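Structure file start19.txt; described as compact mmCIF, N, CA and C atoms.
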# COMPACT_ATOMS: atom_id res chain seq x y z
N MET A 1 54.84 95.12 159.94
CA MET A 1 53.49 95.37 159.50
C MET A 1 53.08 94.30 158.49
N LYS A 2 51.88 93.82 158.59
CA LYS A 2 51.38 92.77 157.71
C LYS A 2 50.71 93.41 156.50
N HIS A 3 51.02 92.90 155.31
CA HIS A 3 50.41 93.38 154.07
C HIS A 3 49.78 92.19 153.36
N VAL A 4 48.55 92.35 152.94
CA VAL A 4 47.88 91.34 152.14
C VAL A 4 48.06 91.76 150.69
N LEU A 5 48.72 90.91 149.93
CA LEU A 5 49.01 91.20 148.53
C LEU A 5 48.11 90.37 147.64
N LEU A 6 47.40 91.04 146.76
CA LEU A 6 46.49 90.34 145.86
C LEU A 6 46.84 90.53 144.39
N THR A 7 47.71 91.50 144.11
CA THR A 7 48.11 91.76 142.72
C THR A 7 49.63 91.93 142.64
N PRO A 8 50.22 91.64 141.49
CA PRO A 8 51.67 91.81 141.35
C PRO A 8 52.13 93.24 141.60
N ILE A 9 51.37 94.22 141.17
CA ILE A 9 51.80 95.61 141.32
C ILE A 9 51.97 95.97 142.80
N GLN A 10 51.20 95.34 143.68
CA GLN A 10 51.35 95.58 145.11
C GLN A 10 52.73 95.12 145.59
N ILE A 11 53.24 94.04 145.02
CA ILE A 11 54.56 93.55 145.39
C ILE A 11 55.62 94.59 145.03
N GLY A 12 55.50 95.16 143.84
CA GLY A 12 56.44 96.19 143.41
C GLY A 12 56.43 97.40 144.33
N HIS A 13 55.23 97.84 144.72
CA HIS A 13 55.11 98.99 145.61
C HIS A 13 55.71 98.68 146.97
N LEU A 14 55.45 97.49 147.47
CA LEU A 14 55.98 97.11 148.78
C LEU A 14 57.50 97.02 148.76
N LEU A 15 58.06 96.41 147.72
CA LEU A 15 59.51 96.31 147.62
C LEU A 15 60.15 97.70 147.51
N GLN A 16 59.55 98.56 146.72
CA GLN A 16 60.09 99.91 146.57
C GLN A 16 60.02 100.68 147.89
N SER A 17 58.90 100.59 148.59
CA SER A 17 58.75 101.27 149.88
C SER A 17 59.76 100.76 150.90
N ALA A 18 59.93 99.45 150.95
CA ALA A 18 60.88 98.85 151.90
C ALA A 18 62.31 99.25 151.56
N ARG A 19 62.63 99.30 150.27
CA ARG A 19 63.97 99.71 149.84
C ARG A 19 64.26 101.14 150.26
N LYS A 20 63.30 102.02 150.01
CA LYS A 20 63.48 103.43 150.37
C LYS A 20 63.55 103.61 151.88
N ALA A 21 62.73 102.87 152.63
CA ALA A 21 62.76 102.95 154.09
C ALA A 21 64.11 102.49 154.64
N ALA A 22 64.74 101.55 153.94
CA ALA A 22 66.06 101.06 154.35
C ALA A 22 67.18 102.00 153.91
N GLY A 23 66.82 103.04 153.15
CA GLY A 23 67.82 103.99 152.70
C GLY A 23 68.72 103.46 151.60
N LEU A 24 68.21 102.53 150.81
CA LEU A 24 69.01 101.90 149.75
C LEU A 24 68.59 102.42 148.38
N SER A 25 69.56 102.63 147.54
CA SER A 25 69.26 102.94 146.14
C SER A 25 68.98 101.62 145.42
N GLN A 26 68.44 101.72 144.22
CA GLN A 26 68.24 100.52 143.42
C GLN A 26 69.57 99.85 143.12
N THR A 27 70.59 100.64 142.90
CA THR A 27 71.92 100.10 142.61
C THR A 27 72.45 99.31 143.80
N GLU A 28 72.31 99.88 145.01
CA GLU A 28 72.82 99.21 146.22
C GLU A 28 72.07 97.91 146.49
N LEU A 29 70.75 97.94 146.40
CA LEU A 29 69.98 96.71 146.64
C LEU A 29 70.25 95.69 145.55
N GLY A 30 70.32 96.15 144.31
CA GLY A 30 70.62 95.24 143.21
C GLY A 30 71.94 94.53 143.41
N TYR A 31 72.94 95.26 143.88
CA TYR A 31 74.26 94.66 144.14
C TYR A 31 74.16 93.57 145.19
N ARG A 32 73.37 93.82 146.22
CA ARG A 32 73.22 92.84 147.31
C ARG A 32 72.59 91.53 146.84
N VAL A 33 71.69 91.63 145.88
CA VAL A 33 70.97 90.42 145.45
C VAL A 33 71.37 89.94 144.06
N GLY A 34 72.37 90.58 143.47
CA GLY A 34 72.87 90.13 142.18
C GLY A 34 72.02 90.54 140.99
N LEU A 35 71.39 91.71 141.07
CA LEU A 35 70.59 92.23 139.96
C LEU A 35 71.12 93.59 139.55
N SER A 36 70.96 93.92 138.29
CA SER A 36 71.36 95.25 137.84
C SER A 36 70.33 96.28 138.31
N GLN A 37 70.73 97.53 138.32
CA GLN A 37 69.81 98.60 138.70
C GLN A 37 68.61 98.63 137.76
N SER A 38 68.84 98.44 136.48
CA SER A 38 67.73 98.48 135.52
C SER A 38 66.76 97.33 135.74
N ARG A 39 67.27 96.15 136.07
CA ARG A 39 66.40 95.00 136.34
C ARG A 39 65.56 95.25 137.59
N LEU A 40 66.18 95.81 138.63
CA LEU A 40 65.45 96.11 139.85
C LEU A 40 64.37 97.16 139.60
N SER A 41 64.69 98.16 138.80
CA SER A 41 63.71 99.18 138.44
C SER A 41 62.51 98.53 137.75
N LYS A 42 62.77 97.64 136.80
CA LYS A 42 61.70 96.95 136.08
C LYS A 42 60.85 96.11 137.03
N LEU A 43 61.48 95.46 138.01
CA LEU A 43 60.73 94.64 138.97
C LEU A 43 59.85 95.49 139.87
N GLU A 44 60.33 96.67 140.25
CA GLU A 44 59.51 97.54 141.08
C GLU A 44 58.32 98.10 140.31
N LEU A 45 58.52 98.36 139.02
CA LEU A 45 57.45 98.93 138.20
C LEU A 45 56.51 97.87 137.64
N ASN A 46 57.05 96.70 137.35
CA ASN A 46 56.26 95.61 136.75
C ASN A 46 56.74 94.28 137.32
N PRO A 47 56.33 93.97 138.55
CA PRO A 47 56.86 92.79 139.23
C PRO A 47 56.31 91.45 138.75
N GLY A 48 55.52 91.46 137.71
CA GLY A 48 54.96 90.21 137.20
C GLY A 48 56.00 89.23 136.71
N SER A 49 57.21 89.71 136.44
CA SER A 49 58.25 88.82 135.92
C SER A 49 59.29 88.44 136.98
N VAL A 50 59.05 88.78 138.24
CA VAL A 50 60.00 88.44 139.29
C VAL A 50 59.98 86.92 139.51
N THR A 51 61.15 86.34 139.67
CA THR A 51 61.20 84.91 139.97
C THR A 51 61.08 84.73 141.49
N VAL A 52 60.76 83.53 141.89
CA VAL A 52 60.67 83.23 143.32
C VAL A 52 62.03 83.46 143.98
N ASP A 53 63.09 83.04 143.31
CA ASP A 53 64.44 83.25 143.85
C ASP A 53 64.72 84.74 144.06
N GLN A 54 64.38 85.55 143.07
CA GLN A 54 64.61 86.99 143.18
C GLN A 54 63.76 87.59 144.30
N LEU A 55 62.49 87.19 144.37
CA LEU A 55 61.60 87.72 145.40
C LEU A 55 62.10 87.38 146.79
N LEU A 56 62.53 86.15 146.99
CA LEU A 56 63.03 85.75 148.30
C LEU A 56 64.33 86.47 148.64
N ALA A 57 65.21 86.67 147.66
CA ALA A 57 66.45 87.40 147.90
C ALA A 57 66.17 88.86 148.25
N LEU A 58 65.24 89.47 147.54
CA LEU A 58 64.89 90.85 147.83
C LEU A 58 64.27 90.98 149.22
N CYS A 59 63.35 90.08 149.53
CA CYS A 59 62.73 90.11 150.86
C CYS A 59 63.78 89.95 151.95
N GLY A 60 64.68 89.01 151.78
CA GLY A 60 65.72 88.78 152.77
C GLY A 60 66.61 89.99 152.96
N SER A 61 66.96 90.65 151.88
CA SER A 61 67.83 91.83 151.96
C SER A 61 67.13 93.04 152.55
N LEU A 62 65.81 93.04 152.49
CA LEU A 62 65.04 94.18 153.00
C LEU A 62 64.43 93.90 154.38
N GLY A 63 64.77 92.75 154.96
CA GLY A 63 64.24 92.41 156.28
C GLY A 63 62.76 92.04 156.24
N LEU A 64 62.31 91.54 155.10
CA LEU A 64 60.92 91.11 154.96
C LEU A 64 60.87 89.59 154.92
N GLU A 65 59.74 89.04 155.26
CA GLU A 65 59.55 87.60 155.10
C GLU A 65 58.27 87.36 154.33
N LEU A 66 58.25 86.31 153.57
CA LEU A 66 57.11 85.95 152.76
C LEU A 66 56.35 84.85 153.49
N THR A 67 55.09 85.10 153.77
CA THR A 67 54.25 84.13 154.46
C THR A 67 53.04 83.84 153.60
N LEU A 68 52.76 82.57 153.39
CA LEU A 68 51.56 82.17 152.66
C LEU A 68 50.59 81.54 153.64
N GLN A 69 49.35 81.89 153.51
CA GLN A 69 48.33 81.30 154.37
C GLN A 69 47.02 81.24 153.62
N LYS A 70 46.14 80.39 154.10
CA LYS A 70 44.83 80.26 153.48
C LYS A 70 44.08 81.56 153.64
N ARG A 71 43.44 81.99 152.59
CA ARG A 71 42.69 83.24 152.60
C ARG A 71 41.42 83.07 153.44
N SER A 72 41.10 84.09 154.19
CA SER A 72 39.88 84.08 154.98
C SER A 72 38.68 84.13 154.04
N PRO A 73 37.59 83.46 154.43
CA PRO A 73 36.41 83.51 153.56
C PRO A 73 35.86 84.93 153.52
N PRO A 74 35.26 85.31 152.39
CA PRO A 74 34.72 86.66 152.29
C PRO A 74 33.57 86.86 153.28
N ALA A 75 33.41 88.06 153.73
CA ALA A 75 32.31 88.39 154.64
C ALA A 75 31.00 88.27 153.87
N PRO A 76 29.95 87.77 154.53
CA PRO A 76 28.67 87.63 153.83
C PRO A 76 28.10 89.01 153.48
N ALA A 77 27.45 89.06 152.33
CA ALA A 77 26.82 90.32 151.91
C ALA A 77 25.72 90.68 152.89
N SER A 78 25.66 91.92 153.24
CA SER A 78 24.62 92.34 154.19
C SER A 78 23.27 92.32 153.49
N GLU A 79 22.26 92.03 154.28
CA GLU A 79 20.90 91.98 153.73
C GLU A 79 20.30 93.37 153.78
N TRP A 80 19.43 93.64 152.84
CA TRP A 80 18.79 94.96 152.78
C TRP A 80 17.66 94.99 153.71

Do you think you could lay out the structure here as structure tokens?
Amino acid sequence: MKHVLLTPIQIGHLLQSARKAAGLSQTELGYRVGLSQSRLSKLELNPGSVTVDQLLALCGSLGLELTLQKRSPPAPASEW
């Protein structure tokens, strides 16, 4: 499923949802990517401090891929 992420908090929600869908605890996922459970908890709640390395490792462990693309132009405002 494709998700358009516009805010850091959306990243945290997506990572948490993917982790739970995979049946992994924070401890188990943290072990896979070299993070403590407390650090993973902080990233899920406040992902503004996630590094690119951490984000890519988490995505890889959760079967996600990160794709960047040019944003579509906004739809024109309808006329009254």

List every residue of chain A that DSSP, applied to the backbone, labels as helix (DSSP H, G or I), and write the result as a ChimeraX atom specification.
/A:8-21,26-33,37-45,47-49,52-61

What does the structure give for the distance between atom CA of A:Leu66 and atom CA of A:Val4, in Å to one decimal?
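So the two atoms, atom CA of A:Leu66 and atom CA of A:Val4, lie 10.7 Å apart.
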
Distance cut-off 12 Å, centre (61.9, 87.2, 148.2) in file coordinates, counting only C-alpha atoms: which residues qualify? Return them as number ranges by chain.
A: 11-12, 14-15, 33, 43, 47, 50-67

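Put simply, atom N of A:Lys20 is 13.8 Å away from atom CA of A:Arg32.
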
What is the distance between atom CA of A:Ala22 and atom N of A:Gly48, in Å to one decimal?
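It comes out at 21.9 Å.
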
Which residue out of A:Lys2, A:Gln16, A:Ser72, A:Ala21 has the minimum interatomic distance to A:Leu40 when only C-alpha atoms are used?
A:Gln16

List the neighbours of A:His13 out to 10 Å using only C-alpha atoms; skip same-chain residues closer than 3 positions along the sequence, and give me the result as a list in words.
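In the requested format, the answer is Pro8, Ile9, Gln10, Gln16, Ser17, Ala18, Arg19, Leu43, Glu44, Leu45, Asn46 and Pro47 of chain A.
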
A:Ser38: which residues within 8 Å, counting all atoms listed in the file, same-chain residues fewer than 6 positions away excluded, as JSON, numbers by chain?
{"A": [26, 27, 30, 44]}
